[in-house]
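**Q** Encoded as structure tokens, here's the structure I'll be asking about.
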Amino acid sequence: MKTLPARSVALVLGTRPELVKLAELIRVLGPAARVVHTGQHYDEELSGSFLAELGLPEPEYLTGVGGQPRAVQIAAALHGLDGLFEAEPPLAVVVQGDTNAALAGALAANARDLPLVHVEAGLRSHDRAMPEEHNRVLIDRLADVLCAATPDNRALLLAEGVPDERIAVTGNPVVEAVQDHLPAAPERTLLLSSLGLRPDGYVLATVHRPENTDDEPALAAVLHELAQLARELPVVLPLHPRTRARVEAAGLLPLLDGVTVLPPAGYGTFLALARHAALIVSDSGGVQEETTVLGRPLVVVRNSTERPESLADFAELVDPGPGIGAAARRRLAEGPQGLRRLAALPSPYGDGTASRRIAALIAELAAARTIRQDHAMAA
Ligand code: UDP
């Protein structure tokens, strides 16, 4: 790969999953990477400790974005990014996924005529109630290089009329994130025994999406199902700050009496817990991918998913309610044989080379941009 000038590739991010999925690309880019954190989720548990754990350089931070309504977040981040890009224009801008931070990064690149790379392009839930669906459709419209994780993501983009030459199937960088950050076996054993857990003998759960946390009956139904499961085997729940606030406000804390509640886990800790869980119950996007690398069954508690690849073997999609317990018991009943079957399957999200492929695409894009700028100056 041709060496890129220092700070010539701006990576705009703002939430935990973006840190996870861009970490290896930032490492591969080295001094060429210029990381801008919009502050969408600035919180020590969700971002601060993650930066250090993932070995990321200290980002430039925007202010006035976190905790604001969606339109204000996007507008404030766009304004801040425009100032940064005017002062020091990058050769390319990279965004990942479907957050407000990613949409702001895409709009800022577009406004300054900077080439835009979209990591995790072509995901569609077809659920117009999700702000993320609108974000990802808009980013794909604006992007110059669309890094599709799977051939199905590419097919979706082609069906929407995106020209083939803009799309590359790269795999999803979450695969290398899991490979790089899963702690070694002795460390995992220590972690499990410190929590009194047996390998393959517990359920790991996460809940943070607004459709589950902001709708009180849905939140009560999810917690009720976890409480019922906890009567049969330990249930471990690293609790997202948003969910904790909602549980407390709704007076639902007693439902968590039998559940092992933890603070949000560091990435390595979370992967270690996921690696040995008999079952995972989650509404997270990233967890739907990670479970395919770790070979563990998953019950996805959501109205829709943009990751149908996970549903083929690894995951089942259920609404918040009794379907959770029914699906969980079905998967748990498959026992060690079920776990062996999943462990033998490849992840549909690639082989752990996505970040390197994406870095090579960025280098090509930046080289073309430099040649164009040189010609313009010579003319
Ligand atoms: N995660 C973590 N600690 C936790 C829960 C999740 O490190 O306690 C990781 C998880 O492995 C995944 C990412 O956070 O990589 C997912 O973030 P989140 O669920 O917030 O966002 P989503 O993927 O739904 O956009």
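If you're wondering about the labels, chains in the structure tokens are A, B, ... by order shown, residues count from 1 in each chain, ligands from 1 in order shown.
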I need the residues of segment 53-136 of chain A that end up classed as strand (DSSP E) by DSSP on the backbone, written out as a PDB file with N, CA and C atoms, in the first residue's frame.

**A**
ATOM      1  N   GLU A  60      -9.678  14.096  17.966  1.00  0.00           N
ATOM      2  CA  GLU A  60     -10.126  15.478  18.113  1.00  0.00           C
ATOM      3  C   GLU A  60     -11.608  15.383  18.481  1.00  0.00           C
ATOM      4  N   TYR A  61     -12.052  16.189  19.448  1.00  0.00           N
ATOM      5  CA  TYR A  61     -13.452  16.123  19.864  1.00  0.00           C
ATOM      6  C   TYR A  61     -14.237  17.344  19.410  1.00  0.00           C
ATOM      7  N   ALA A  92      -9.491  12.061   2.082  1.00  0.00           N
ATOM      8  CA  ALA A  92     -10.696  11.214   2.088  1.00  0.00           C
ATOM      9  C   ALA A  92     -11.317  11.251   3.477  1.00  0.00           C
ATOM     10  N   VAL A  93     -12.638  11.009   3.513  1.00  0.00           N
ATOM     11  CA  VAL A  93     -13.369  10.941   4.785  1.00  0.00           C
ATOM     12  C   VAL A  93     -13.972   9.534   4.891  1.00  0.00           C
ATOM     13  N   VAL A  94     -13.841   8.927   6.066  1.00  0.00           N
ATOM     14  CA  VAL A  94     -14.376   7.573   6.279  1.00  0.00           C
ATOM     15  C   VAL A  94     -15.432   7.632   7.376  1.00  0.00           C
ATOM     16  N   VAL A  95     -16.586   7.025   7.114  1.00  0.00           N
ATOM     17  CA  VAL A  95     -17.591   6.846   8.166  1.00  0.00           C
ATOM     18  C   VAL A  95     -18.012   5.382   8.185  1.00  0.00           C
ATOM     19  N   GLN A  96     -18.537   4.953   9.319  1.00  0.00           N
ATOM     20  CA  GLN A  96     -18.921   3.541   9.467  1.00  0.00           C
ATOM     21  C   GLN A  96     -20.362   3.463   9.949  1.00  0.00           C
ATOM     22  N   LEU A 116     -15.803  10.252  -0.108  1.00  0.00           N
ATOM     23  CA  LEU A 116     -16.391   9.623   1.080  1.00  0.00           C
ATOM     24  C   LEU A 116     -16.362   8.098   0.958  1.00  0.00           C
ATOM     25  N   VAL A 117     -15.872   7.457   2.011  1.00  0.00           N
ATOM     26  CA  VAL A 117     -15.834   5.986   2.083  1.00  0.00           C
ATOM     27  C   VAL A 117     -16.827   5.556   3.157  1.00  0.00           C
ATOM     28  N   HIS A 118     -17.746   4.641   2.799  1.00  0.00           N
ATOM     29  CA  HIS A 118     -18.718   4.141   3.782  1.00  0.00           C
ATOM     30  C   HIS A 118     -18.411   2.681   4.119  1.00  0.00           C
ATOM     31  N   VAL A 119     -18.000   2.465   5.353  1.00  0.00           N
ATOM     32  CA  VAL A 119     -17.737   1.103   5.840  1.00  0.00           C
ATOM     33  C   VAL A 119     -19.057   0.542   6.359  1.00  0.00           C
ATOM     34  N   GLU A 120     -19.380  -0.677   5.944  1.00  0.00           N
ATOM     35  CA  GLU A 120     -20.660  -1.328   6.289  1.00  0.00           C
ATOM     36  C   GLU A 120     -21.798  -0.715   5.471  1.00  0.00           C
ATOM     37  N   ALA A 121     -21.573  -0.631   4.156  1.00  0.00           N
ATOM     38  CA  ALA A 121     -22.605  -0.107   3.250  1.00  0.00           C
ATOM     39  C   ALA A 121     -23.599  -1.216   2.901  1.00  0.00           C
TER      40      ALA A 121
END

**Q** Name all residues at most 6 Å from segment 258-275 of chain A (count only C-alpha atoms; drop same-chain ones fewer than 3 positions away) and give them as an MDAnalysis selection string.

**A** chainID A and resid 181:183 188 235:240 294

**Q** Residues of segment 11-73 of chain A that approach segment 157-176 of chain A to 9 Å or less, counting only C-alpha atoms: could you list each one with the shortest pair of atoms and its distance in Å to one decimal, rows by chain and increasing residue number, as JSON lines?

**A**
{"residue": "A:Val20", "atom": "CA", "partner": "A:Val174", "partner_atom": "CA", "distance": 7.1}
{"residue": "A:Lys21", "atom": "CA", "partner": "A:Val174", "partner_atom": "CA", "distance": 5.2}
{"residue": "A:Leu22", "atom": "CA", "partner": "A:Pro173", "partner_atom": "CA", "distance": 7.2}
{"residue": "A:Ala23", "atom": "CA", "partner": "A:Pro173", "partner_atom": "CA", "distance": 8.7}
{"residue": "A:Glu24", "atom": "CA", "partner": "A:Glu176", "partner_atom": "CA", "distance": 7.4}
{"residue": "A:Leu25", "atom": "CA", "partner": "A:Pro173", "partner_atom": "CA", "distance": 8.0}

**Q** Name the residues in contact with segment 110-114 of chain A at a cut-off of 12 Å, using only C-alpha atoms, excluding same-chain residues fewer than 5 positions from it; report them as a PyMOL selection string.

**A** chain A and resi 8-10+78-79+81-94+103-105+138-145+365-366+369-370+373

**Q** So that I have them on file, write out the residues from the current selection with C-alpha atoms, as a CSV table (one decimal), in the first residue's frame.

**A**
chain,number,residue,atom,x,y,z
A,8,SER,CA,-4.8,12.8,5.4
A,9,VAL,CA,-7.7,10.4,6.1
A,10,ALA,CA,-10.4,11.7,8.4
A,78,LEU,CA,-21.8,19.1,10.6
A,79,HIS,CA,-20.9,22.6,11.6
A,81,LEU,CA,-16.6,19.1,11.0
A,82,ASP,CA,-17.0,21.8,8.3
A,83,GLY,CA,-14.7,24.1,10.3
A,84,LEU,CA,-12.1,21.2,10.7
A,85,PHE,CA,-12.3,20.3,7.0
A,86,GLU,CA,-12.0,23.9,5.9
A,87,ALA,CA,-8.9,24.4,8.0
A,88,GLU,CA,-7.2,21.2,7.0
A,89,PRO,CA,-8.9,19.3,4.1
A,90,PRO,CA,-8.3,15.6,4.2
A,91,LEU,CA,-7.8,13.5,1.0
A,92,ALA,CA,-10.7,11.2,2.1
A,93,VAL,CA,-13.4,10.9,4.8
A,94,VAL,CA,-14.4,7.6,6.3
A,103,LEU,CA,-24.4,10.9,8.6
A,104,ALA,CA,-22.8,14.2,9.8
A,105,GLY,CA,-19.4,13.0,8.5
A,138,LEU,CA,-28.5,8.7,2.9
A,139,ILE,CA,-24.8,7.9,3.5
A,140,ASP,CA,-24.9,5.2,0.8
A,141,ARG,CA,-26.3,7.8,-1.6
A,142,LEU,CA,-23.4,10.2,-0.9
A,143,ALA,CA,-20.5,7.7,-0.7
A,144,ASP,CA,-17.9,7.4,-3.4
A,145,VAL,CA,-16.6,4.0,-2.2
A,365,LEU,CA,-8.9,7.0,-3.7
A,366,ALA,CA,-6.3,9.4,-2.1
A,369,ARG,CA,-7.4,12.7,-5.5
A,370,THR,CA,-3.7,13.9,-5.3
A,373,GLN,CA,-5.2,18.2,-7.3

**Q** One decimal, Å: what's the distance from atom CA of Leu46 of chain A over to atom CA of His208 of chain A, could you say?

**A** 12.1 Å

**Q** Please provide the set of residues having any atom within 12 Å of Leu311 of chain A, restricted to only C-alpha atoms, with same-chain residues fewer than 5 positions apart removed, written as a PyMOL selection string.

**A** chain A and resi 288-289+291-292+297-300+304-306+316-318+347-348

**Q** Can those selected residues be exported to a file as a PDB file, in the first residue's frame so that it contains C-alpha atoms?

**A**
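Listing of result13.pdb after writing:
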ATOM      1  CA  GLN A 288     -25.471  -9.992  15.764  1.00  0.00           C
ATOM      2  CA  GLU A 289     -22.191 -10.096  13.858  1.00  0.00           C
ATOM      3  CA  THR A 291     -21.828 -14.047  17.667  1.00  0.00           C
ATOM      4  CA  THR A 292     -21.153 -15.499  14.188  1.00  0.00           C
ATOM      5  CA  PRO A 297     -26.536 -18.768  19.400  1.00  0.00           C
ATOM      6  CA  LEU A 298     -28.385 -15.463  19.691  1.00  0.00           C
ATOM      7  CA  VAL A 299     -31.956 -14.342  20.311  1.00  0.00           C
ATOM      8  CA  VAL A 300     -32.359 -10.901  18.690  1.00  0.00           C
ATOM      9  CA  SER A 304     -36.582  -5.870  12.378  1.00  0.00           C
ATOM     10  CA  THR A 305     -32.971  -6.538  11.498  1.00  0.00           C
ATOM     11  CA  GLU A 306     -30.650  -5.222   8.812  1.00  0.00           C
ATOM     12  CA  GLU A 316     -33.584 -15.836  15.767  1.00  0.00           C
ATOM     13  CA  LEU A 317     -35.538 -12.582  15.612  1.00  0.00           C
ATOM     14  CA  VAL A 318     -38.286 -12.128  18.222  1.00  0.00           C
ATOM     15  CA  SER A 347     -18.938 -16.140   9.747  1.00  0.00           C
ATOM     16  CA  PRO A 348     -20.955 -14.638   6.882  1.00  0.00           C
TER      17      PRO A 348
END

**Q** Which residues, written as a list in words, have at least one atom at most 12 Å from Arg340 of chain A, with only C-alpha atoms counted and residues fewer than 4 positions away on the same chain left out?

**A**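 Near Arg340 of chain A, the qualifying residues are Asp200, Ala278, Leu294, Gly295, Arg296, Pro297, Phe314, Glu334, Gly335, Pro336, Ala344 and Leu345 of chain A.
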
**Q** Compare A:Leu19, A:Ala343, A:Ala109, A:Ala177 by their minimum atom-to-atom distance to Gly48 of chain A, counting only C-alpha atoms, and give me the closest one.

**A**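 Result for the nearest residue to Gly48 of chain A: A:Leu19.
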
**Q** Which residue, A:Ala101, A:Ala184, A:Leu361, A:Val207, has the smallest gap to ligand 1 when you use only C-alpha atoms and all ligand atoms?

**A**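 Smallest distance to ligand 1 is found for A:Val207.
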